[in-house]
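Trainee: There's a structure below that I have some questions on.
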Amino acid sequence: MTEIRNDTEFRQKLESLDHARQRILAARFVENVLPFCNDERVSRIVKIASDPHASADELATALRTAKAAIIDSHARCGAECDWKDQAGYFVARAAAAAVSPAGQSAGGPAWQAAMGSRMAATCRSIDSTEDNAGQAKMQQYLILSEFLTS
Amino acid sequence: MKNDQTLGEILRDQGISRRGFLKFCAATASLLALPPGSVTAIAAALESARRPSVIWLSFQECTGCTESLTRSDAASIEDLIFNTISLDYHHTLQAASGTGAEDARQSAMKENWGKYLLVVDGSIPTGNPGFSTIAGISNVDMLMEVAAGAAAIVAVGSCASFGGIPHASPNPTGAVSVADLISDKPVINVPGCPPIPVVIAGVLTQFLTFGIPELDELHRPMAFYGKSIHDRCYRRPFYDKGLFAETFDDEGARKGWCLYKLGCKGPTTYNACATTKWNEGTSFPIQSGHPCLGCSQPDFWDAGGFYQALSIPTGDISRAAVYGAGAGIAAGALMGALNRGRKSHAVRVHKKVTIDDLEKEHEK
Amino acid sequence: MSGASLERGINALKEQIDAPTATFFSACVHCGMCAEACLFFTETGDPKYTPIHKLEPMRKVWHQEYTFWGKFARILGLSKPLTDAELTEWETLVYDSCTLCGRCSMVCPVGNDIAYMIRKMREGMAASGHAPAGMIGATRRAVTIGSPMGVKLPALEAQIRHTEEEIGFAIPVDVVGAEYLCTLSSMEIMNFPEYIGAIARIFHETGVSWTISSEAFEATNSGIQIGVSDIAAELVERIVRAAEKLKVKAVISPECGHAYTAIRWEGPNLIGRPYPFKVFHILEVLDDLRKTGKLHTTGKESRRLTYHDPCQISRRGGVFEQPRNLLNMVAENFVEMPENGIMNWCCGAGGGVSANERADELKMKAFRRKKAQLDAVAPDAVVSACANCRIQLEEGLEVNNMDIPVISLTETIAEHLAGETSTEARQS
Amino acid sequence: MTETEFLLWARGPAFQGATVIFVLGVTFRLLEILLLGRKPNLAEPRGSAMLGGLRTIVTRSFPDAGTHKRSAFTHYMGYIFHIGFFITLLLYAPHILVIEKAFGVSWPALPTTVVDATAVITMIALIAVLLHRLKDPVLRFLSNFQDYFAWFLTILPLLTGYIAFHRVGLPPPALIAIHILSVELLMVVFPFTKLMHAFTLFMARWYNGAIAGYKGVNS
């Protein structure tokens with residue numbers, strides 16, 4: 001059980017994985033924060049992301065639905081903000097990162113999904129007392145180390 | 001002067017050959033822009049025309065028209081015509097005077113009542129009869145008396161046609177034109193100051209042969225007054241090209257450029273000067289370098305100065321502008337002060353708008 | 001008698017009308033060219049969206065109050081005074097169908113600055129209770145909570161903590177004596193928190209001393225959008241107080257359009273005194289760093305990029321060369337949209353339109369003008385520098401199912417930072 | 001009242017009266033506008049307002065390609081009838097004489113036939129502009145009585161001038177008088193209609209350019 005001590009190490013290990021395994025890991029990270037998002041399209045996207053044999057166009061359609069989910073959930077300019085909804089928005093963005101093709105964004109899909117999920121957790125913690133963000137980070141380390149050892 | 005001879009017989013007595021007479025008729029036909037075929041008609045009409053009795057009344061006039069008519073400097077066919085028509089009364093030209101002259105006029109009128117031709121030059125004073133009388137008879141009375149039996153009246157010169165110089169403001173004598181007094185008889189105006197000799201003869205010839213000629217709205221024969229000087233002016237191309245004389249002896253004037261800027265009234269003056277010209281076609285005012293005065297137009301004396309274009313303002317415009325600006329500034333300053341007061345009042349009564357003031361009372 | 005009223009509205013208009021306004025109303029010759037410059041007309045074809053027509057009520061107040069002929073006509077009863085019903089009818093014209101983009105002001109042949117007048121007319125509309133509900137809510141939250149979307153400090157602190165973890169170093173908050181005070185817009189804090197990470201990394205890399213103020217982190221100013229200078233002044237005053245307290249040399253306006261207009265151009269006139277500090281848009285700061293050689297980037301975007309000029313930043317703000325200089329540092333295939341820079345077409349959501357639900361349908365119709373521009377250029381991605389434009393572009397592209405990502409210029413610069421803190425170097 | 005007296009009145013007292021009202025009206029309107037004043041701008045300037053303003057006065061006459069394409073008709077017709085109007089007014093010999101008599105300045109004239117042709121083109125453009133104003137949905141929506149009345153005031157002097165030049169119908173002095181009266185009508189009503197844009201245009205463009213120039217934008 002390799003021990004992950006900090007984000008630098010966490011990110012190094014994630015970026016060292018190949019694209020397909022990064023995608024599966026990203027799906028795991030998003031799955032971890034899925035309860036924060038009530039848009040069922042996102043859960044479908046996570047299923048496709050976590051399926052190692054998902055075809056390219058399945059992933060492409062998933063990416064398009066993810067983008068639609070992002071648009072539908074982002075905060076409206078000038079509207080009263082609701083951080084719980086905003087958490088859902090970041091889950092959707094994390095899901096989109098998971099199914100996005102390689103080289104789309106710096107850090108690769110796994111790291112982006114991790115960050116997105118953590119941001120979702122941060123949003124949840126804003127209006128509530130418990131510190132979701134910290135837990136999310138620890139859980140992500142656990143998921144990675146389990147994944148590496150399996 | 002035997003009254004019963006026809007014009008043709010008289011001319012032959014004077015030694016005018018048939019050919020010479022026909023040449024004159026052709027010249028007149030072309031002058032009147034009549035077709036060549038009409039030459040024979042003119043000749044026949046002139047030849048058989050009874051010698052019309054003509055009574056020439058001169059009222060408030062400078063005798064310029066008569067001078068132009070007689071042009072004592074050279075005998076010509078026009079001259080002979082006047083010898084041949086029965087000029088029964090012309091107090092400048094006739095030898096008789098006093099009661100003899102008046103008796104001649106009375107008898108001519110009696111004999112040719114309703115047929116004689118009345119020619120008038122000079123305007124008729126209506127202010128006070130005493131201003132101008134002949135043999136104790138005021139011009140108005142004499143005009144009325146003679147006009148009653150006239151077949152037609154020819155007003156020769158701008159005075160008789162439109163009132164001329166006596167009529168110019170302030171018109172002390174209350175001078176009026178023939179047409180102002182006579183409305184029951186055909187009046188032919190032959191304006192000009194003076195009119196062109198050949199135009200007078202031409203009008204009479206046309207009257208003798210064809211009767212009342214076609215007249216424009218100012219009762220002027222279209223044959224001579226149908227076109228403006230401007231339309232027939234030999235300097236028109238310069239006007240069109242925009243080449244004008246700026247002063248009387250500048251380069252433009254010497255080059256014969258258009259005199260519009262020197263006040264030429266050619267564009268608004270209708271006469272035959274530019275075509276028939278004066279002194280047997282020698283020249284006419286514009287050709288001699290002087291702008292046309294518009295002498296054949298009504299009130300040309302008062303048309304705002306001979307040396308100013310007809311369409312430029314006569315008043316002092318810059319002074320008017322200065323007055324306007326002054327008044328405008330005063331009124332504007334007042335209105336500006338009112339506006340500033342009204343605006344500062346609005347600022348004074350301004351109540352700070354807070355988030356509670358964004359909805360109307362009932363909507364809140 | 002608190003609350004909005006017709007009388008207070010007309011009084012506000014009388015306060016706002018000045019020599020330029022009177023000149024503009026006296027110069028308009030009804031030539032209709034401003035309609036051809038307004039995307040709300042070009043995309044709907046409805047003549048009522050002709051910009052100068054949107055000012056009719058204010059024109060009437062000017063004519064009846066400040067001209068001899070108008071006053072005379074009113075006394076004779078020839079022209080009727082302004083009614084509340086008229087203002088109600090004009091609500092959708094002055095708010096829903098106008099983003100204050102100012103394109104009409106650029107084409108008017110007699111030179112009328114119509115946007116300048118719409119901004120003034122909104123003072124009368126708001127004071128008479130004719131501002132849209134959405135904007136009233138946002139303005140109320142901006143005054144009471146400090147952000148039109150209700151973002152409170154704890155939320156910002158959470159975002160800051162998250163960003164600090166991501167970038168690996170601290171974000172200065174309430175640092176007295178810093179050179180720059182950075183302000184953020186709620187849209188960024190909520191939808192695009194990466195912006196905070198981007199400026200942190202850039203300033204870290206270029207050694208810029210900066211800080212965020214916990215008392216005045218909000219850059220947006222719904223006061224100038226709704227048209228209430230009293231409220232706008234209060235919002236600006238907060239930033240000025242914070243800047244003075246932290247003794248900063250300059251305040252940076254974030255990737256937001258109207259925030260820049262509010263703090264840079266209207267601010268001093270709202271609070272009635274010049275600032276003791278300078279004001280820059282983030283792009284001005286980045287371009288300055290580029291010019292002074294402090295900002296180094298590596299690698300070039302191979303994707304075909306185009307830039308959408310936010311109206312309040314380029315045409316109404318004067319910041320239009322900087323984005324090009326910055327983009328040319330990081331993009332090898334940067335192509336301009338037809339009619340760009342100070343003559344760009346608006347995205348359709350500025351000037352408070354996006355905060356006004358009633359205008360949603362019209363807003364999407366207006367987007368077709370921008371769609372036409374994008375069709376002409378067919379970029380792989382659109383770069384812009386205003387969070388509200390980004391949201392509108394994303395929504396518009398989604399509705400027209402065009403798969404073009406919309407990215408922030410500042411974030412793109414951050415991604416290409418050459419120094420040690422950039423993503424590649426962080427492994428060491 | 002003969003034609004000559006009618007003309008004398010038209011070019012004499014009537015023209016003086018019209019000048020007074022015109023100058024008074026324009027001065028009054030300009031002061032009524034300018035004295036409303038303008039708040040000074042306290043923001044730190046990026047560019048020069050003065051230069052921006054002066055610049056826009058010129059550049060706003062030459063719209064950019066996109067704008068031009070969208071309102072080409074308005075541009076072409078607008079240019080034709082404005083330039084035509086000024087050529088007819090300022091480069092026709094008799095008009096120059098009027099100006100010389102009024103203000104003492106003079107300059108060479110264009111050939112009268114050229115000006116005559118220009119006047120015709122101007123009138124055609126004006127008629128085209130009227131038809132466009134009646135047909136185009138935006139213009140029909142925007143236009144009020146004043147727009148059509150201003151159009152009428154503008155074409156009337158051209159029409160009466162053309163007729164007076166060609167001396168059709170009434171005797172010339174009457175035609176010239178009618179032409180002068182139509183000009184006087186234009187002068188008298190001018191300050192109280194949108195024709196004031198002949199003056200306020202420069203102020204408006206200056207303000208526009210100044211507001212933008214202050215911010216470093218060439219508007």
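Quick note on naming: the chains in the structure tokens go A, B, ... in the order shown, residues restart at 1 in each chain, and ligands are numbered from 1 in order of appearance.
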Kindly assemble as CSV a list of the chain D residues that lie within 7 Å of chain C, each paired with its nearest atom pair and their distance in Å to one decimal, using only C-alpha atoms, sorted first by chain and then by ascending residue number.
Mentor:
```
residue,atom,partner,partner_atom,distance
D:Glu32,CA,C:Thr67,CA,6.7
D:Ile33,CA,C:Ala19,CA,5.4
D:Leu34,CA,C:Ala19,CA,5.0
D:Leu35,CA,C:Ala19,CA,6.8
D:Leu36,CA,C:Ala19,CA,4.8
D:Gly37,CA,C:Ala19,CA,5.0
D:Arg38,CA,C:Asp18,CA,5.7
D:Asn41,CA,C:Asn269,CA,6.4
D:Leu42,CA,C:Pro274,CA,5.4
D:Ala43,CA,C:Pro268,CA,5.4
D:Arg60,CA,C:Pro109,CA,6.1
D:Ser61,CA,C:Pro109,CA,6.6
D:Pro63,CA,C:Val107,CA,6.9
D:Gly66,CA,C:Glu339,CA,6.8
D:Thr67,CA,C:Val107,CA,6.8
D:Arg70,CA,C:Glu36,CA,6.3
D:Ser71,CA,C:Met33,CA,6.5
D:Pro137,CA,C:Pro47,CA,6.5
D:Val138,CA,C:Pro47,CA,4.8
D:Leu139,CA,C:Gly32,CA,5.8
D:Phe141,CA,C:Pro47,CA,6.5
D:Leu142,CA,C:His30,CA,6.2
D:Ser143,CA,C:His30,CA,6.4
D:Lys194,CA,C:Val29,CA,5.8
D:Met196,CA,C:Ala27,CA,6.6
D:His197,CA,C:Ala27,CA,4.3
D:Thr200,CA,C:Ala27,CA,5.3
D:Leu201,CA,C:Val110,CA,4.9
D:Met203,CA,C:Thr23,CA,6.8
D:Ala204,CA,C:Gly111,CA,5.2
D:Arg205,CA,C:Gly111,CA,4.0
D:Tyr207,CA,C:Pro20,CA,6.4
D:Asn208,CA,C:Asp113,CA,5.5
D:Lys215,CA,C:Gly318,CA,5.4
D:Gly216,CA,C:Gly318,CA,5.2
D:Val217,CA,C:Gly318,CA,5.2
D:Ser219,CA,C:Met106,CA,5.7
```
Trainee: List the spatial neighbours of Asp403 in chain C as a count of residues only - criterion: any atom at most 10 Å away, only C-alpha atoms, same-chain residues fewer than 6 positions off excluded.
Mentor: 6
Trainee: Excluding Ile80 in chain D and residues on its chain fewer than 3 positions from it, collect all residues at most 8 Å away from it, counting only C-alpha atoms, and give them as a PDB file with C-alpha atoms, in the first residue's frame.
Mentor:
```pdb
ATOM      1  CA  TYR D  76     -24.645  57.086 -50.469  1.00  0.00           C
ATOM      2  CA  MET D  77     -27.875  59.047 -50.619  1.00  0.00           C
ATOM      3  CA  ILE D  83     -22.684  67.477 -50.958  1.00  0.00           C
ATOM      4  CA  GLY D  84     -25.056  68.357 -53.792  1.00  0.00           C
ATOM      5  CA  ILE D 121     -29.028  65.000 -58.691  1.00  0.00           C
ATOM      6  CA  THR D 122     -29.569  66.395 -55.207  1.00  0.00           C
ATOM      7  CA  ALA D 125     -31.302  61.747 -53.966  1.00  0.00           C
TER       8      ALA D 125
END
```
Trainee: Only residues of chain A matter here; which ones have an atom within 6 Å of chain C, counting only C-alpha atoms? Give them as JSON, numbers by chain.
Mentor: {"A": [77, 78, 79, 80, 81, 126]}
Trainee: So that I have them on file, write out the residues from the current selection with N, CA and C atoms, as a compact mmCIF listing (two decimals), in the first residue's frame.
Mentor:
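File part.txt, as written:
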```txt
# COMPACT_ATOMS: atom_id res chain seq x y z
N CYS A 77 -25.82 34.40 -13.49
CA CYS A 77 -25.26 35.71 -13.10
C CYS A 77 -26.32 36.50 -12.32
N GLY A 78 -25.94 37.01 -11.17
CA GLY A 78 -26.84 37.88 -10.43
C GLY A 78 -27.86 37.12 -9.62
N ALA A 79 -27.91 35.79 -9.79
CA ALA A 79 -28.94 35.04 -9.03
C ALA A 79 -28.36 34.70 -7.66
N GLU A 80 -29.26 34.44 -6.73
CA GLU A 80 -28.82 34.08 -5.36
C GLU A 80 -28.05 32.78 -5.44
N CYS A 81 -26.84 32.76 -4.88
CA CYS A 81 -26.01 31.54 -5.05
C CYS A 81 -26.45 30.48 -4.03
N ILE A 126 -19.13 24.85 2.38
CA ILE A 126 -19.29 26.30 2.62
C ILE A 126 -20.49 26.58 3.50
```
Trainee: Taking only C-alpha atoms into account, which residues of chain C are within 7 Å of chain B, as a list in words?
Mentor: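 So the residues of chain C near chain B are Ser2, Gly3, Ala4, Ser5, Asn11, Lys14, Glu15, Tyr66, Ala126, Ala127, Ser128, Gly129, Ile136, Arg140, Val228, Asp230 and Ile231 of chain C.
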Trainee: Suppose we keep N, CA, C and O atoms; can you now write the selection as a JSON list (two decimals), in the first residue's frame?
Mentor:
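Dumped everything to part_11.json:
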```json
[["chain", "number", "residue", "atom", "x", "y", "z"],
["C", 2, "SER", "N", -41.09, 56.77, 1.30],
["C", 2, "SER", "CA", -39.95, 56.10, 0.63],
["C", 2, "SER", "C", -40.51, 55.30, -0.54],
["C", 2, "SER", "O", -41.69, 55.35, -0.85],
["C", 3, "GLY", "N", -39.69, 54.52, -1.16],
["C", 3, "GLY", "CA", -40.17, 53.71, -2.29],
["C", 3, "GLY", "C", -40.10, 54.51, -3.58],
["C", 3, "GLY", "O", -40.00, 55.76, -3.56],
["C", 4, "ALA", "N", -40.11, 53.79, -4.67],
["C", 4, "ALA", "CA", -39.95, 54.42, -5.98],
["C", 4, "ALA", "C", -41.23, 55.15, -6.36],
["C", 4, "ALA", "O", -42.31, 54.81, -5.87],
["C", 5, "SER", "N", -41.11, 56.18, -7.18],
["C", 5, "SER", "CA", -42.33, 56.88, -7.66],
["C", 5, "SER", "C", -42.00, 57.57, -8.98],
["C", 5, "SER", "O", -40.84, 57.86, -9.27],
["C", 11, "ASN", "N", -37.60, 63.29, -11.62],
["C", 11, "ASN", "CA", -36.59, 64.16, -10.99],
["C", 11, "ASN", "C", -35.19, 63.63, -11.27],
["C", 11, "ASN", "O", -34.27, 64.39, -11.58],
["C", 14, "LYS", "N", -34.27, 64.60, -14.67],
["C", 14, "LYS", "CA", -33.91, 66.02, -14.76],
["C", 14, "LYS", "C", -32.50, 66.25, -14.23],
["C", 14, "LYS", "O", -31.76, 67.09, -14.71],
["C", 15, "GLU", "N", -32.09, 65.44, -13.25],
["C", 15, "GLU", "CA", -30.72, 65.57, -12.72],
["C", 15, "GLU", "C", -29.71, 65.09, -13.75],
["C", 15, "GLU", "O", -28.63, 65.64, -13.89],
["C", 66, "TYR", "N", -36.35, 71.28, -20.57],
["C", 66, "TYR", "CA", -35.15, 72.08, -20.82],
["C", 66, "TYR", "C", -35.14, 72.79, -22.16],
["C", 66, "TYR", "O", -34.09, 73.25, -22.61],
["C", 126, "ALA", "N", -34.99, 53.27, -12.63],
["C", 126, "ALA", "CA", -34.84, 52.59, -11.33],
["C", 126, "ALA", "C", -35.52, 53.39, -10.23],
["C", 126, "ALA", "O", -36.29, 52.86, -9.42],
["C", 127, "ALA", "N", -35.32, 54.72, -10.27],
["C", 127, "ALA", "CA", -35.89, 55.55, -9.19],
["C", 127, "ALA", "C", -37.42, 55.53, -9.25],
["C", 127, "ALA", "O", -38.10, 55.78, -8.26],
["C", 128, "SER", "N", -37.97, 55.19, -10.43],
["C", 128, "SER", "CA", -39.45, 55.17, -10.51],
["C", 128, "SER", "C", -39.96, 53.74, -10.43],
["C", 128, "SER", "O", -41.11, 53.46, -10.77],
["C", 129, "GLY", "N", -39.08, 52.80, -9.99],
["C", 129, "GLY", "CA", -39.53, 51.44, -9.73],
["C", 129, "GLY", "C", -39.70, 50.60, -10.98],
["C", 129, "GLY", "O", -40.49, 49.66, -11.00],
["C", 136, "ILE", "N", -32.98, 43.95, -9.31],
["C", 136, "ILE", "CA", -33.25, 44.50, -7.98],
["C", 136, "ILE", "C", -32.74, 43.52, -6.92],
["C", 136, "ILE", "O", -32.03, 43.89, -5.99],
["C", 140, "ARG", "N", -29.86, 44.27, -4.28],
["C", 140, "ARG", "CA", -30.13, 44.18, -2.83],
["C", 140, "ARG", "C", -29.07, 43.30, -2.17],
["C", 140, "ARG", "O", -28.46, 43.66, -1.17],
["C", 228, "VAL", "N", -28.52, 53.17, -10.51],
["C", 228, "VAL", "CA", -28.72, 53.94, -9.27],
["C", 228, "VAL", "C", -27.32, 54.35, -8.79],
["C", 228, "VAL", "O", -26.60, 53.58, -8.16],
["C", 230, "ASP", "N", -26.42, 56.33, -6.50],
["C", 230, "ASP", "CA", -26.24, 56.35, -5.03],
["C", 230, "ASP", "C", -25.70, 55.00, -4.56],
["C", 230, "ASP", "O", -24.75, 54.92, -3.80],
["C", 231, "ILE", "N", -26.33, 53.91, -5.05],
["C", 231, "ILE", "CA", -25.90, 52.57, -4.63],
["C", 231, "ILE", "C", -24.52, 52.26, -5.23],
["C", 231, "ILE", "O", -23.62, 51.76, -4.56]]
```
Trainee: Can you pull out the residues contacting Glu40 in chain A? Cut-off 12 Å, using only C-alpha atoms, and skip same-chain residues under 5 positions away; I want them as a ChimeraX atom specification.
Mentor: /A:34-35,45-47,65-66,69,88,91-92,95
Trainee: With N, CA and C atoms retained, could you export that selection as a PDB file, in the first residue's frame?
Mentor:
```pdb
ATOM      1  N   LEU A  34     -20.366  11.790  -5.997  1.00  0.00           N
ATOM      2  CA  LEU A  34     -21.605  11.777  -6.799  1.00  0.00           C
ATOM      3  C   LEU A  34     -22.833  12.232  -5.993  1.00  0.00           C
ATOM      4  N   PRO A  35     -22.933  11.841  -4.707  1.00  0.00           N
ATOM      5  CA  PRO A  35     -24.137  12.267  -3.967  1.00  0.00           C
ATOM      6  C   PRO A  35     -24.350  13.781  -3.964  1.00  0.00           C
ATOM      7  N   ILE A  45     -22.683   9.216 -16.940  1.00  0.00           N
ATOM      8  CA  ILE A  45     -21.355   9.524 -17.528  1.00  0.00           C
ATOM      9  C   ILE A  45     -20.273   8.784 -16.729  1.00  0.00           C
ATOM     10  N   VAL A  46     -20.442   8.797 -15.393  1.00  0.00           N
ATOM     11  CA  VAL A  46     -19.419   8.144 -14.542  1.00  0.00           C
ATOM     12  C   VAL A  46     -19.359   6.652 -14.887  1.00  0.00           C
ATOM     13  N   LYS A  47     -20.562   6.059 -15.123  1.00  0.00           N
ATOM     14  CA  LYS A  47     -20.565   4.605 -15.455  1.00  0.00           C
ATOM     15  C   LYS A  47     -19.740   4.382 -16.719  1.00  0.00           C
ATOM     16  N   THR A  65     -22.819  15.311 -23.239  1.00  0.00           N
ATOM     17  CA  THR A  65     -23.863  15.403 -22.198  1.00  0.00           C
ATOM     18  C   THR A  65     -23.284  16.084 -20.956  1.00  0.00           C
ATOM     19  N   ALA A  66     -22.002  15.780 -20.697  1.00  0.00           N
ATOM     20  CA  ALA A  66     -21.369  16.397 -19.504  1.00  0.00           C
ATOM     21  C   ALA A  66     -21.366  17.915 -19.677  1.00  0.00           C
ATOM     22  N   ALA A  69     -24.641  19.259 -19.053  1.00  0.00           N
ATOM     23  CA  ALA A  69     -24.922  19.229 -17.603  1.00  0.00           C
ATOM     24  C   ALA A  69     -24.238  20.417 -16.922  1.00  0.00           C
ATOM     25  N   GLY A  88     -22.926  20.503  -7.295  1.00  0.00           N
ATOM     26  CA  GLY A  88     -23.364  19.660  -8.425  1.00  0.00           C
ATOM     27  C   GLY A  88     -22.664  20.103  -9.705  1.00  0.00           C
ATOM     28  N   VAL A  91     -19.252  18.741  -9.740  1.00  0.00           N
ATOM     29  CA  VAL A  91     -19.255  17.289  -9.994  1.00  0.00           C
ATOM     30  C   VAL A  91     -19.385  17.072 -11.506  1.00  0.00           C
ATOM     31  N   ALA A  92     -20.276  17.857 -12.107  1.00  0.00           N
ATOM     32  CA  ALA A  92     -20.471  17.731 -13.567  1.00  0.00           C
ATOM     33  C   ALA A  92     -19.155  18.043 -14.280  1.00  0.00           C
ATOM     34  N   ALA A  95     -16.840  15.207 -13.943  1.00  0.00           N
ATOM     35  CA  ALA A  95     -17.254  14.103 -14.836  1.00  0.00           C
ATOM     36  C   ALA A  95     -16.802  14.411 -16.268  1.00  0.00           C
TER      37      ALA A  95
END
```
Trainee: Which residues are close to range 91-105 of chain D, i.e. within 7 Å by only C-alpha atoms, leaving aside same-chain residues fewer than 6 positions away? Reply as an MDAnalysis selection string.
Mentor: (chainID B and resid 242 312:313 316:318) or (chainID D and resid 112 115)
Trainee: With N, CA and C atoms retained, could you export that selection as an mmCIF file, in the first residue's frame?
Mentor:
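Result written to result-v2.cif:
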```cif
data_model
loop_
_atom_site.group_PDB
_atom_site.id
_atom_site.type_symbol
_atom_site.label_atom_id
_atom_site.label_comp_id
_atom_site.auth_asym_id
_atom_site.auth_seq_id
_atom_site.Cartn_x
_atom_site.Cartn_y
_atom_site.Cartn_z
ATOM 1 N N GLY B 242 -19.284 80.245 -66.055
ATOM 2 C CA GLY B 242 -18.943 80.839 -64.758
ATOM 3 C C GLY B 242 -17.848 81.871 -64.855
ATOM 4 N N ILE B 312 -29.917 89.561 -55.120
ATOM 5 C CA ILE B 312 -29.157 89.605 -53.861
ATOM 6 C C ILE B 312 -29.909 90.490 -52.868
ATOM 7 N N PRO B 313 -29.667 90.267 -51.586
ATOM 8 C CA PRO B 313 -30.431 91.024 -50.578
ATOM 9 C C PRO B 313 -30.153 92.522 -50.664
ATOM 10 N N ASP B 316 -29.208 95.186 -44.973
ATOM 11 C CA ASP B 316 -27.874 94.916 -44.387
ATOM 12 C C ASP B 316 -27.987 93.608 -43.608
ATOM 13 N N ILE B 317 -27.507 92.545 -44.216
ATOM 14 C CA ILE B 317 -27.697 91.216 -43.626
ATOM 15 C C ILE B 317 -26.773 91.013 -42.433
ATOM 16 N N SER B 318 -25.553 91.467 -42.547
ATOM 17 C CA SER B 318 -24.631 91.210 -41.413
ATOM 18 C C SER B 318 -25.143 91.941 -40.179
ATOM 19 N N THR D 112 -22.423 77.371 -64.294
ATOM 20 C CA THR D 112 -23.828 77.295 -63.861
ATOM 21 C C THR D 112 -24.488 75.993 -64.320
ATOM 22 N N VAL D 115 -23.777 73.317 -61.813
ATOM 23 C CA VAL D 115 -24.577 73.464 -60.583
ATOM 24 C C VAL D 115 -26.029 73.037 -60.844
#
```
